[in-house]
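Visitor: What follows is model06.cif; its format and atoms are mmCIF, C-alpha atoms.
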data_model
#
loop_
_atom_site.label_atom_id
_atom_site.label_comp_id
_atom_site.auth_asym_id
_atom_site.auth_seq_id
_atom_site.Cartn_x
_atom_site.Cartn_y
_atom_site.Cartn_z
CA MET A 23 -106.31 -123.07 -220.62
CA HIS A 24 -105.73 -121.88 -224.13
CA LYS A 25 -104.07 -124.12 -226.59
CA MET A 26 -100.88 -122.75 -228.03
CA GLU A 27 -101.82 -121.47 -231.45
CA HIS A 28 -99.59 -121.76 -234.43
CA ILE A 29 -98.11 -118.42 -235.27
CA SER A 30 -97.08 -118.01 -238.84
CA PRO A 31 -93.74 -116.33 -239.47
CA PRO A 32 -93.97 -112.67 -240.48
CA GLN A 33 -93.04 -113.26 -244.12
CA ALA A 34 -95.98 -115.65 -244.49
CA GLN A 35 -98.48 -112.93 -243.55
CA PRO A 36 -100.43 -111.34 -246.39
CA LYS A 37 -98.94 -108.16 -247.69
CA PRO A 38 -100.81 -105.01 -246.71
CA ARG A 39 -103.00 -103.65 -249.44
CA LYS A 40 -101.89 -100.79 -251.55
CA GLN A 41 -102.60 -97.53 -249.77
CA THR A 42 -104.85 -95.61 -252.06
CA GLN A 43 -107.00 -93.74 -249.57
CA GLY A 44 -104.13 -92.79 -247.34
CA VAL A 45 -105.87 -94.49 -244.45
CA ARG A 46 -106.10 -98.22 -243.82
CA LYS A 47 -109.45 -99.45 -242.63
CA THR A 48 -109.55 -101.67 -239.57
CA ASP A 49 -110.13 -105.36 -240.08
CA SER A 50 -113.43 -105.12 -238.22
CA THR A 51 -114.63 -102.38 -240.56
CA GLU A 52 -113.61 -104.50 -243.53
CA SER A 53 -115.52 -107.47 -242.24
CA ILE A 54 -118.61 -105.36 -241.66
CA LYS A 55 -118.36 -104.23 -245.25
CA GLU A 56 -117.89 -107.84 -246.39
CA PHE A 57 -121.18 -108.71 -244.76
CA GLY A 58 -122.91 -105.95 -246.66
CA GLN A 59 -123.74 -103.73 -243.73
CA VAL A 60 -123.80 -100.01 -244.19
CA ASP A 61 -121.71 -97.50 -242.30
CA VAL A 62 -123.14 -95.87 -239.20
CA PRO A 63 -125.05 -92.83 -240.51
CA THR A 64 -123.17 -89.65 -239.69
CA VAL A 65 -125.33 -86.96 -238.18
CA GLN A 66 -123.92 -83.46 -238.29
CA THR A 67 -123.40 -82.36 -234.73
CA ASN A 68 -124.27 -78.79 -233.70
CA ILE A 69 -121.88 -78.99 -230.75
CA HIS A 70 -118.13 -79.07 -231.01
CA CYS A 71 -115.86 -80.14 -228.20
CA LEU A 72 -112.52 -78.59 -227.32
CA THR A 73 -110.26 -80.54 -225.00
CA ILE A 74 -107.51 -78.72 -223.18
CA ILE A 75 -105.04 -81.20 -221.76
CA GLY A 76 -101.59 -81.23 -220.19
CA GLN A 77 -99.60 -78.01 -220.39
CA ILE A 78 -100.98 -75.06 -222.30
CA GLU A 79 -98.08 -74.34 -224.63
CA GLY A 80 -97.37 -70.76 -225.58
CA HIS A 81 -94.34 -68.89 -226.82
CA LEU A 82 -91.93 -71.71 -225.99
CA ILE A 83 -92.05 -75.26 -227.34
CA LEU A 84 -91.88 -77.49 -224.29
CA PRO A 85 -89.73 -80.63 -224.20
CA PRO A 86 -91.51 -83.59 -225.83
CA GLN A 87 -92.28 -85.48 -222.60
CA ASN A 88 -94.91 -82.83 -221.85
CA LYS A 89 -98.39 -83.48 -223.11
CA THR A 90 -99.40 -80.09 -224.48
CA THR A 91 -102.28 -78.11 -225.87
CA LYS A 92 -100.87 -75.65 -228.37
CA TYR A 93 -102.51 -72.29 -228.77
CA GLU A 94 -101.71 -72.15 -232.47
CA HIS A 95 -104.00 -75.20 -232.79
CA ILE A 96 -106.71 -73.98 -230.45
CA ILE A 97 -107.14 -70.39 -231.63
CA PRO A 98 -107.81 -71.15 -235.33
CA GLN A 99 -110.19 -73.91 -234.23
CA LEU A 100 -112.11 -71.44 -232.09
CA VAL A 101 -112.24 -68.94 -234.95
CA ALA A 102 -113.51 -71.68 -237.30
CA ILE A 103 -116.20 -72.65 -234.78
CA GLU A 104 -117.28 -69.03 -234.42
CA GLN A 105 -117.59 -68.68 -238.19
CA ASN A 106 -119.37 -71.96 -238.90
CA PRO A 107 -123.16 -71.41 -238.95
CA ASP A 108 -123.80 -75.14 -238.36
CA ILE A 109 -122.09 -75.08 -234.98
CA GLU A 110 -124.28 -73.68 -232.24
CA GLY A 111 -122.44 -74.63 -229.10
CA LEU A 112 -119.00 -75.40 -227.74
CA LEU A 113 -118.14 -77.73 -224.89
CA ILE A 114 -114.71 -77.11 -223.38
CA ILE A 115 -113.26 -80.01 -221.43
CA LEU A 116 -110.30 -79.24 -219.20
CA ASN A 117 -107.73 -81.52 -217.66
CA THR A 118 -104.76 -79.22 -217.53
CA VAL A 119 -101.83 -78.45 -215.26
CA GLY A 120 -101.68 -74.86 -216.40
CA GLY A 121 -98.94 -73.47 -218.58
CA ASP A 122 -98.14 -70.29 -220.43
CA VAL A 123 -99.93 -67.29 -218.93
CA GLU A 124 -100.40 -65.40 -222.18
CA ALA A 125 -101.53 -68.43 -224.18
CA GLY A 126 -104.00 -69.39 -221.45
CA LEU A 127 -105.40 -65.88 -221.25
CA ALA A 128 -105.57 -65.67 -225.05
CA ILE A 129 -107.68 -68.84 -225.21
CA ALA A 130 -109.87 -67.63 -222.33
CA GLU A 131 -110.42 -64.23 -223.99
CA ILE A 132 -111.41 -65.84 -227.31
CA ILE A 133 -113.95 -68.08 -225.54
CA VAL A 134 -115.40 -65.06 -223.69
CA GLY A 135 -115.71 -63.15 -226.97
CA MET A 136 -117.49 -65.93 -228.86
CA SER A 137 -121.11 -65.44 -229.88
CA LYS A 138 -121.83 -69.20 -229.66
CA SER A 139 -123.03 -70.77 -226.43
CA THR A 140 -120.16 -72.19 -224.38
CA VAL A 141 -120.02 -74.56 -221.43
CA SER A 142 -116.85 -75.73 -219.71
CA LEU A 143 -116.28 -78.90 -217.72
CA VAL A 144 -113.28 -79.41 -215.45
CA LEU A 145 -112.46 -83.12 -215.31
CA GLY A 146 -109.44 -84.29 -213.37
CA GLY A 147 -107.78 -80.93 -212.96
CA GLY A 148 -107.98 -77.34 -214.04
CA HIS A 149 -104.98 -75.81 -212.33
CA SER A 150 -103.30 -72.40 -212.42
CA ILE A 151 -103.89 -70.86 -215.88
CA GLY A 152 -106.62 -73.50 -216.36
CA VAL A 153 -108.74 -71.47 -213.90
CA PRO A 154 -109.34 -68.47 -216.23
CA VAL A 155 -110.02 -70.86 -219.13
CA ALA A 156 -112.62 -72.72 -217.02
CA VAL A 157 -114.44 -69.53 -216.00
CA SER A 158 -114.40 -68.07 -219.53
CA ALA A 159 -117.41 -70.13 -220.67
CA ASP A 160 -121.03 -68.98 -220.32
CA TYR A 161 -121.55 -71.70 -217.73
CA SER A 162 -118.98 -73.89 -215.98
CA PHE A 163 -119.09 -77.35 -214.45
CA ILE A 164 -116.63 -79.28 -212.33
CA ALA A 165 -116.63 -83.02 -211.74
CA GLU A 166 -117.05 -84.03 -208.10
CA THR A 167 -113.49 -85.36 -207.87
CA ALA A 168 -111.81 -82.75 -210.06
CA THR A 169 -109.41 -80.24 -208.51
CA MET A 170 -108.33 -76.70 -209.19
CA THR A 171 -105.10 -75.35 -207.74
CA ILE A 172 -104.92 -71.63 -207.10
CA HIS A 173 -101.46 -70.33 -206.30
CA PRO A 174 -99.36 -67.24 -206.94
CA ILE A 175 -97.54 -66.95 -210.24
CA ARG A 176 -94.27 -65.75 -208.81
CA LEU A 177 -93.60 -68.68 -206.50
CA ALA A 178 -94.45 -71.84 -208.39
CA GLY A 179 -94.55 -70.25 -211.79
CA LEU A 180 -91.36 -70.29 -213.70
CA VAL A 181 -89.91 -67.48 -215.67
CA ILE A 182 -87.84 -68.14 -218.73
CA GLY A 183 -85.81 -65.57 -220.57
CA VAL A 184 -85.02 -62.02 -219.70
CA PRO A 185 -84.61 -60.94 -216.08
CA GLN A 186 -88.03 -60.39 -214.63
CA THR A 187 -88.91 -57.80 -212.10
CA TYR A 188 -91.17 -58.49 -209.21
CA GLU A 189 -93.53 -55.83 -210.52
CA TYR A 190 -93.76 -57.54 -213.89
CA LEU A 191 -94.88 -60.81 -212.32
CA ASP A 192 -97.28 -58.93 -210.12
CA LYS A 193 -98.83 -57.42 -213.23
CA MET A 194 -99.12 -60.85 -214.87
CA GLN A 195 -100.82 -62.14 -211.75
CA ASP A 196 -103.20 -59.19 -211.69
CA ARG A 197 -104.23 -59.96 -215.26
CA VAL A 198 -105.21 -63.48 -214.19
CA ILE A 199 -107.00 -62.32 -211.02
CA ARG A 200 -108.93 -59.60 -212.83
CA PHE A 201 -110.05 -62.00 -215.53
CA VAL A 202 -111.25 -64.60 -213.02
CA GLU A 203 -113.05 -61.97 -210.93
CA LYS A 204 -114.79 -60.56 -214.00
CA HIS A 205 -116.00 -63.89 -215.35
CA SER A 206 -116.95 -65.75 -212.16
CA ASP A 207 -118.71 -64.99 -208.88
CA ILE A 208 -115.54 -64.91 -206.78
CA SER A 209 -114.23 -61.59 -205.44
CA THR A 210 -110.68 -60.37 -206.04
CA GLN A 211 -110.09 -60.34 -202.30
CA ARG A 212 -111.23 -63.96 -201.81
CA PHE A 213 -109.25 -65.16 -204.83
CA ARG A 214 -106.11 -63.54 -203.41
CA GLU A 215 -106.79 -65.16 -200.05
CA LEU A 216 -106.99 -68.58 -201.71
CA MET A 217 -103.88 -67.81 -203.71
CA PHE A 218 -101.76 -66.96 -200.68
CA GLN A 219 -103.13 -69.50 -198.21
CA THR A 220 -100.42 -71.36 -196.34
CA GLY A 221 -100.30 -74.95 -195.17
CA GLU A 222 -102.20 -76.65 -197.97
CA LEU A 223 -99.55 -77.19 -200.60
CA THR A 224 -96.22 -78.79 -199.79
CA ARG A 225 -94.04 -76.93 -202.25
CA ASP A 226 -95.95 -73.73 -202.38
CA ILE A 227 -98.60 -71.51 -200.91
CA GLY A 228 -102.09 -71.67 -202.34
CA THR A 229 -105.27 -73.70 -202.23
CA VAL A 230 -106.57 -76.87 -203.83
CA LEU A 231 -110.31 -76.71 -204.47
CA VAL A 232 -112.01 -80.09 -204.93
CA GLY A 233 -115.31 -80.33 -206.85
CA LYS A 234 -117.96 -78.58 -204.78
CA ASP A 235 -115.39 -76.33 -203.00
CA ALA A 236 -114.90 -74.55 -206.33
CA VAL A 237 -118.67 -74.08 -206.62
CA GLU A 238 -119.00 -72.84 -203.02
CA GLU A 239 -116.25 -70.28 -203.64
CA GLY A 240 -118.21 -69.00 -206.64
CA LEU A 241 -115.49 -69.90 -209.11
CA ILE A 242 -117.48 -72.58 -210.95
CA ASN A 243 -121.26 -72.63 -211.51
CA ALA A 244 -122.12 -76.26 -210.73
CA VAL A 245 -120.85 -79.74 -209.92
CA GLY A 246 -121.66 -82.09 -212.76
CA GLY A 247 -120.57 -84.38 -215.55
CA VAL A 248 -120.73 -84.50 -219.29
CA GLY A 249 -124.48 -85.20 -219.36
CA GLY A 250 -125.26 -82.14 -217.29
CA ALA A 251 -122.85 -80.01 -219.30
CA LEU A 252 -124.39 -81.03 -222.64
CA SER A 253 -127.97 -80.49 -221.51
CA LYS A 254 -127.01 -77.06 -220.12
CA LEU A 255 -125.39 -76.28 -223.47
CA GLN A 256 -128.56 -77.30 -225.34
CA ASP A 257 -130.57 -75.06 -222.96
CA LEU A 258 -128.27 -72.11 -223.65
CA ILE A 259 -128.54 -72.70 -227.41
CA LYS A 260 -132.33 -72.78 -227.12
CA GLN A 261 -132.39 -69.57 -225.08
CA ARG A 262 -130.13 -67.85 -227.58
CA LYS A 263 -132.37 -68.90 -230.48
CA GLU A 264 -135.50 -67.64 -228.68
CA LYS A 265 -133.78 -64.33 -228.03
CA GLU A 266 -132.81 -64.03 -231.71
CA ASP A 267 -136.38 -64.82 -232.75
CA VAL A 268 -137.65 -61.97 -230.58
CA ILE A 269 -135.20 -59.55 -232.19
CA HIS A 270 -136.02 -60.55 -235.78
CA MET B 14 -90.66 -63.69 -222.75
CA SER B 15 -92.62 -66.51 -221.35
CA VAL B 16 -94.15 -67.08 -217.95
CA LEU B 17 -95.35 -70.54 -217.02
CA TYR B 18 -98.14 -70.69 -214.46
CA THR B 19 -98.30 -74.30 -213.36
CA PRO B 20 -98.14 -76.28 -210.13
CA LEU B 21 -95.66 -78.67 -211.75
CA PRO B 22 -92.04 -78.20 -210.68
CA LEU B 23 -89.73 -76.59 -213.24
CA GLU B 24 -87.40 -79.56 -213.41
CA LEU B 25 -90.29 -81.81 -214.41
CA VAL B 26 -91.53 -79.51 -217.18
CA MET B 27 -88.17 -78.59 -218.65
CA PHE B 28 -86.39 -81.92 -218.15
CA THR B 29 -85.17 -83.23 -221.46
CA GLU B 30 -82.81 -85.82 -222.85
CA ASP B 31 -83.64 -85.44 -226.48
CA SER B 32 -85.37 -82.29 -227.56
CA THR B 33 -86.46 -83.53 -230.97
CA SER B 34 -90.09 -84.57 -231.02
CA PRO B 35 -90.72 -88.04 -232.45
CA TYR B 36 -94.11 -86.87 -233.71
CA GLN B 37 -95.36 -84.90 -236.63
CA ASP B 38 -98.71 -83.34 -237.44
CA ILE B 39 -100.70 -84.03 -240.58
CA ALA B 40 -103.99 -82.56 -241.73
CA ILE B 41 -106.58 -84.87 -243.23
CA ASP B 42 -110.34 -84.45 -243.82
CA GLY B 43 -110.57 -81.40 -241.59
CA ALA B 44 -108.79 -82.99 -238.65
CA THR B 45 -105.20 -82.65 -237.51
CA LEU B 46 -103.58 -85.91 -236.50
CA THR B 47 -100.38 -86.29 -234.51
CA VAL B 48 -98.50 -89.24 -235.95
CA GLN B 49 -95.31 -91.09 -235.15
CA PRO B 50 -93.46 -91.89 -238.37
CA THR B 51 -92.82 -95.63 -238.70
CA ALA B 52 -91.82 -97.04 -242.07
CA THR B 53 -91.04 -94.74 -244.99
CA GLY B 54 -94.07 -92.68 -245.85
CA MET B 55 -96.16 -94.24 -243.09
CA GLY B 56 -97.00 -93.20 -239.55
CA LYS B 57 -98.90 -94.46 -236.53
CA ILE B 58 -101.66 -92.18 -235.26
CA VAL B 59 -100.90 -90.98 -231.74
CA ARG B 60 -103.50 -88.29 -231.21
CA ILE B 61 -106.45 -86.64 -232.94
CA ASN B 62 -106.64 -82.89 -232.67
CA SER B 63 -110.08 -81.73 -233.69
CA THR B 64 -113.09 -80.08 -232.11
CA ASN B 65 -115.50 -82.14 -234.22
CA PRO B 66 -116.64 -85.04 -232.02
CA ASP B 67 -117.41 -87.11 -235.14
CA HIS B 68 -113.72 -87.30 -236.01
CA TYR B 69 -113.13 -89.29 -232.83
CA LEU B 70 -115.61 -91.93 -233.95
CA LYS B 71 -113.97 -92.56 -237.33
CA PRO B 72 -112.36 -96.00 -237.26
CA GLU B 73 -109.57 -94.89 -239.61
CA PHE B 74 -108.59 -92.06 -237.22
CA GLN B 75 -108.24 -94.25 -234.14
CA PRO B 76 -104.88 -93.98 -232.37
CA GLY B 77 -102.66 -96.89 -233.35
CA GLN B 78 -103.87 -96.92 -236.96
CA GLN B 79 -101.30 -96.74 -239.70
CA ILE B 80 -101.68 -93.78 -242.02
CA SER B 81 -99.93 -92.57 -245.14
CA LEU B 82 -97.87 -89.42 -244.56
CA SER B 83 -98.15 -88.32 -248.16
CA LYS B 84 -101.12 -86.15 -247.13
CA LEU B 85 -100.61 -82.47 -246.56
CA GLN B 86 -98.10 -81.88 -243.80
CA ILE B 87 -98.49 -78.90 -241.54
#
Now, as a test, write the supplied structure out as structure tokens.
Guide:
Amino acid sequence: MHKMEHISPPQAQPKPRKQTQGVRKTDSTESIKEFGQVDVPTVQTNIHCLTIIGQIEGHLILPPQNKTTKYEHIIPQLVAIEQNPDIEGLLIILNTVGGDVEAGLAIAEIIVGMSKSTVSLVLGGGHSIGVPVAVSADYSFIAETATMTIHPIRLAGLVIGVPQTYEYLDKMQDRVIRFVEKHSDISTQRFRELMFQTGELTRDIGTVLVGKDAVEEGLINAVGGVGGALSKLQDLIKQRKEKEDVIH
Amino acid sequence: MSVLYTPLPLELVMFTEDSTSPYQDIAIDGATLTVQPTATGMGKIVRINSTNPDHYLKPEFQPGQQISLSKLQI
């Protein structure tokens, strides 16, 4: 049993130091410095990591209880990565419940168009509009327990704003299907089949693919984790460099 | 015009009691931090938004840290 420790009243605590750096160091960092130890050397990494979490937020700001990935954050980051000569590879980690169709497709298209090596890893979930983002990388991984939900836009998807026609939603859906077909090994026909499958989802029609199911369907390249994803990314970077050496 | 493609039900996504976000974003040393303002001019770090993995290892960027909001606001 622990002895009850004496807790000093708040006013007796030392005043925080004047904020000159804008950031207060942790007590542990301070104590390390007191003992004369140096900071951990920072090595410039050649790989950057983009995490796409929660809802992909697009034209509408979602209510604050949603955890969101905003495309106005992501797109400039991707442009900066593309321009930075020190960055050679990008790891995209997904745990998303989907979101705005146009924002998701915009992110996916930027990743496809990048000249740097890209590897994606679906951890937890990569649902709905997360599917095109996952397949947009040069090589894609899915964790064994991760899931991807494929369902039609017009049933579970929600439409905000002006009255939508059925044809409009059909067009939106075709954009997603065409993108996925182009950037993965799945056929349009099979993707549609998965999309309209009945009996798997309670509220909707569609399919939930778990880990290796997504690989067997040709949507994702391999089952794996972060170690596998990073070594694949290093391989791709190496291959790209060798190719460039041949050209020059 | 906005179309959401998500398996989450509409009422869960759009449910709201208070639509004002308690957070604000600040840019510091190449990273964007989401902070929750606490005392005047100070905020608690809630989230780091950066693609540079090194930013996540910085002790002063760890979520829960207090940070001055006098830095450039975005």
Visitor: Can you list what the PyMOL selection byres ((chain A and resi 206) around 8) grabs from this structure, as a short mmCIF file (atom, residue, chain, number, x, y, z; two decimals) with C-alpha atoms, in the coordinates of the input?
Guide:
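Wrote it out as part-v5.cif, contents follow:
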data_model
loop_
_atom_site.label_atom_id
_atom_site.label_comp_id
_atom_site.auth_asym_id
_atom_site.auth_seq_id
_atom_site.Cartn_x
_atom_site.Cartn_y
_atom_site.Cartn_z
CA VAL A 157 -114.44 -69.53 -216.00
CA VAL A 202 -111.25 -64.60 -213.02
CA GLU A 203 -113.05 -61.97 -210.93
CA LYS A 204 -114.79 -60.56 -214.00
CA HIS A 205 -116.00 -63.89 -215.35
CA ASP A 207 -118.71 -64.99 -208.88
CA ILE A 208 -115.54 -64.91 -206.78
CA GLY A 240 -118.21 -69.00 -206.64
CA LEU A 241 -115.49 -69.90 -209.11
CA ILE A 242 -117.48 -72.58 -210.95
#
Visitor: Each residue of chain B with at least one atom at most 9 Å from chain A should appear once, together with its nearest atom pair and the corresponding distance in Å (one decimal); atoms considered: all atoms listed in the file; ordering: chain, then increasing residue number; output as CSV.
Guide:
residue,atom,partner,partner_atom,distance
B:Met14,CA,A:Gly183,CA,5.6
B:Ser15,CA,A:Ile182,CA,5.7
B:Val16,CA,A:Val181,CA,4.8
B:Leu17,CA,A:Asp122,CA,4.4
B:Tyr18,CA,A:Gly179,CA,4.5
B:Thr19,CA,A:Gly120,CA,4.6
B:Pro20,CA,A:Ala178,CA,6.0
B:Leu21,CA,A:Val119,CA,7.1
B:Pro22,CA,A:Ala178,CA,7.2
B:Leu23,CA,A:Leu180,CA,6.5
B:Leu25,CA,A:Asn88,CA,8.8
B:Val26,CA,A:Asn88,CA,6.7
B:Met27,CA,A:Pro85,CA,6.1
B:Phe28,CA,A:Pro85,CA,7.0
B:Thr29,CA,A:Pro85,CA,5.9
B:Glu30,CA,A:Pro85,CA,8.8
B:Asp31,CA,A:Pro85,CA,8.1
B:Ser32,CA,A:Pro85,CA,5.7
B:Thr33,CA,A:Pro86,CA,7.2
B:Ser34,CA,A:Pro86,CA,5.5
B:Pro35,CA,A:Pro86,CA,8.0
B:Tyr36,CA,A:Pro86,CA,8.9
B:Thr45,CA,A:His95,CA,8.9
B:Asn62,CA,A:His95,CA,8.1
B:Ser63,CA,A:Leu72,CA,7.5
B:Thr64,CA,A:Cys71,CA,4.8
B:Asn65,CA,A:His70,CA,5.2
B:Pro66,CA,A:His70,CA,6.2
B:Asp67,CA,A:Thr67,CA,7.7
B:Pro72,CA,A:Thr48,CA,6.7
B:Glu73,CA,A:Lys47,CA,5.5
B:Phe74,CA,A:Val45,CA,8.1
B:Gln78,CA,A:Arg46,CA,7.3
B:Gln79,CA,A:Arg46,CA,6.5
B:Ile80,CA,A:Val45,CA,4.9
B:Ser81,CA,A:Gly44,CA,4.7
B:Leu82,CA,A:Gly44,CA,7.6
B:Ser83,CA,A:Gly44,CA,7.5
B:Lys84,CA,A:Gly44,CA,7.3
Visitor: Would you write out those residues with C-alpha atoms, as a PDB file, in the frame of the given file?
Guide:
ATOM      1  CA  MET B  14     -90.660 -63.690-222.750  1.00  0.00           C
ATOM      2  CA  SER B  15     -92.620 -66.510-221.350  1.00  0.00           C
ATOM      3  CA  VAL B  16     -94.150 -67.080-217.950  1.00  0.00           C
ATOM      4  CA  LEU B  17     -95.350 -70.540-217.020  1.00  0.00           C
ATOM      5  CA  TYR B  18     -98.140 -70.690-214.460  1.00  0.00           C
ATOM      6  CA  THR B  19     -98.300 -74.300-213.360  1.00  0.00           C
ATOM      7  CA  PRO B  20     -98.140 -76.280-210.130  1.00  0.00           C
ATOM      8  CA  LEU B  21     -95.660 -78.670-211.750  1.00  0.00           C
ATOM      9  CA  PRO B  22     -92.040 -78.200-210.680  1.00  0.00           C
ATOM     10  CA  LEU B  23     -89.730 -76.590-213.240  1.00  0.00           C
ATOM     11  CA  LEU B  25     -90.290 -81.810-214.410  1.00  0.00           C
ATOM     12  CA  VAL B  26     -91.530 -79.510-217.180  1.00  0.00           C
ATOM     13  CA  MET B  27     -88.170 -78.590-218.650  1.00  0.00           C
ATOM     14  CA  PHE B  28     -86.390 -81.920-218.150  1.00  0.00           C
ATOM     15  CA  THR B  29     -85.170 -83.230-221.460  1.00  0.00           C
ATOM     16  CA  GLU B  30     -82.810 -85.820-222.850  1.00  0.00           C
ATOM     17  CA  ASP B  31     -83.640 -85.440-226.480  1.00  0.00           C
ATOM     18  CA  SER B  32     -85.370 -82.290-227.560  1.00  0.00           C
ATOM     19  CA  THR B  33     -86.460 -83.530-230.970  1.00  0.00           C
ATOM     20  CA  SER B  34     -90.090 -84.570-231.020  1.00  0.00           C
ATOM     21  CA  PRO B  35     -90.720 -88.040-232.450  1.00  0.00           C
ATOM     22  CA  TYR B  36     -94.110 -86.870-233.710  1.00  0.00           C
ATOM     23  CA  THR B  45    -105.200 -82.650-237.510  1.00  0.00           C
ATOM     24  CA  ASN B  62    -106.640 -82.890-232.670  1.00  0.00           C
ATOM     25  CA  SER B  63    -110.080 -81.730-233.690  1.00  0.00           C
ATOM     26  CA  THR B  64    -113.090 -80.080-232.110  1.00  0.00           C
ATOM     27  CA  ASN B  65    -115.500 -82.140-234.220  1.00  0.00           C
ATOM     28  CA  PRO B  66    -116.640 -85.040-232.020  1.00  0.00           C
ATOM     29  CA  ASP B  67    -117.410 -87.110-235.140  1.00  0.00           C
ATOM     30  CA  PRO B  72    -112.360 -96.000-237.260  1.00  0.00           C
ATOM     31  CA  GLU B  73    -109.570 -94.890-239.610  1.00  0.00           C
ATOM     32  CA  PHE B  74    -108.590 -92.060-237.220  1.00  0.00           C
ATOM     33  CA  GLN B  78    -103.870 -96.920-236.960  1.00  0.00           C
ATOM     34  CA  GLN B  79    -101.300 -96.740-239.700  1.00  0.00           C
ATOM     35  CA  ILE B  80    -101.680 -93.780-242.020  1.00  0.00           C
ATOM     36  CA  SER B  81     -99.930 -92.570-245.140  1.00  0.00           C
ATOM     37  CA  LEU B  82     -97.870 -89.420-244.560  1.00  0.00           C
ATOM     38  CA  SER B  83     -98.150 -88.320-248.160  1.00  0.00           C
ATOM     39  CA  LYS B  84    -101.120 -86.150-247.130  1.00  0.00           C
TER      40      LYS B  84
END
Visitor: In Å to one decimal, how far is atom CA of A:Val230 from atom CA of A:Phe218?
Guide: 11.5 Å
Visitor: What is the atom CA of B:Pro50 to atom CA of A:Ile75 distance in Å?
Guide: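 It comes out at 22.9 Å.
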Visitor: What does the structure give for the distance between atom CA of A:Ala159 and atom CA of A:Ala130, in Å to one decimal?
Guide: 8.1 Å
Visitor: Smallest atom-to-atom distance to A:Leu145: which of A:Glu189, A:Val268, A:Gly246, A:Lys254, using all atoms listed in the file?
Guide: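 For A:Leu145, the nearest of the given residues is A:Gly246.
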Visitor: With 4 Å on each side, where is the centre of the axis-aligned box around all listed atoms of stretch 247-256 of chain A, and how long are its edges in Å to one decimal, as AutoDock Vina command-line options?
Guide:
--center_x -124.6 --center_y -80.7 --center_z -220.4 --size_x 16.0 --size_y 16.9 --size_z 17.8
Visitor: List the neighbours of A:Glu110 out to 12 Å using only C-alpha atoms; skip same-chain residues closer than 5 positions along the sequence, and give me the result as a list of chain:residue names.
Guide: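 Once the adjacent positions are removed, what remains is A:Gln66, A:Thr67, A:Asn68, A:Ile69, A:His70, A:Cys71, A:Ile103, A:Glu104, A:Gln105, A:Met136, A:Ser137, A:Lys138, A:Ser139, A:Thr140, A:Val141, A:Leu255, A:Gln256, A:Asp257, A:Leu258, A:Ile259, A:Lys260, A:Gln261, A:Arg262, A:Lys263.
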Visitor: Determine the nearest neighbour of A:Gly111 from the options A:Ile269, A:Ile132, A:Ala251, A:Val153, counting all atoms listed in the file.
Guide: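 Under the stated criterion, the closest residue is A:Ala251.
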Visitor: Find the residue from A:Glu94, A:Asp192, A:Glu166, A:Asp160 that sits nearest to A:Asn243; use all atoms listed in the file when measuring.
Guide: A:Asp160
Visitor: For the provided coordinates, the residues matched by the PyMOL selection byres ((chain B and resi 38) around 9) should be stated as a list of chain:residue names.
Guide: B:Tyr36, B:Gln37, B:Ile39, B:Ala40, B:Thr45, B:Leu46, B:Thr47, B:Val48, B:Gln49, B:Gln86, B:Ile87
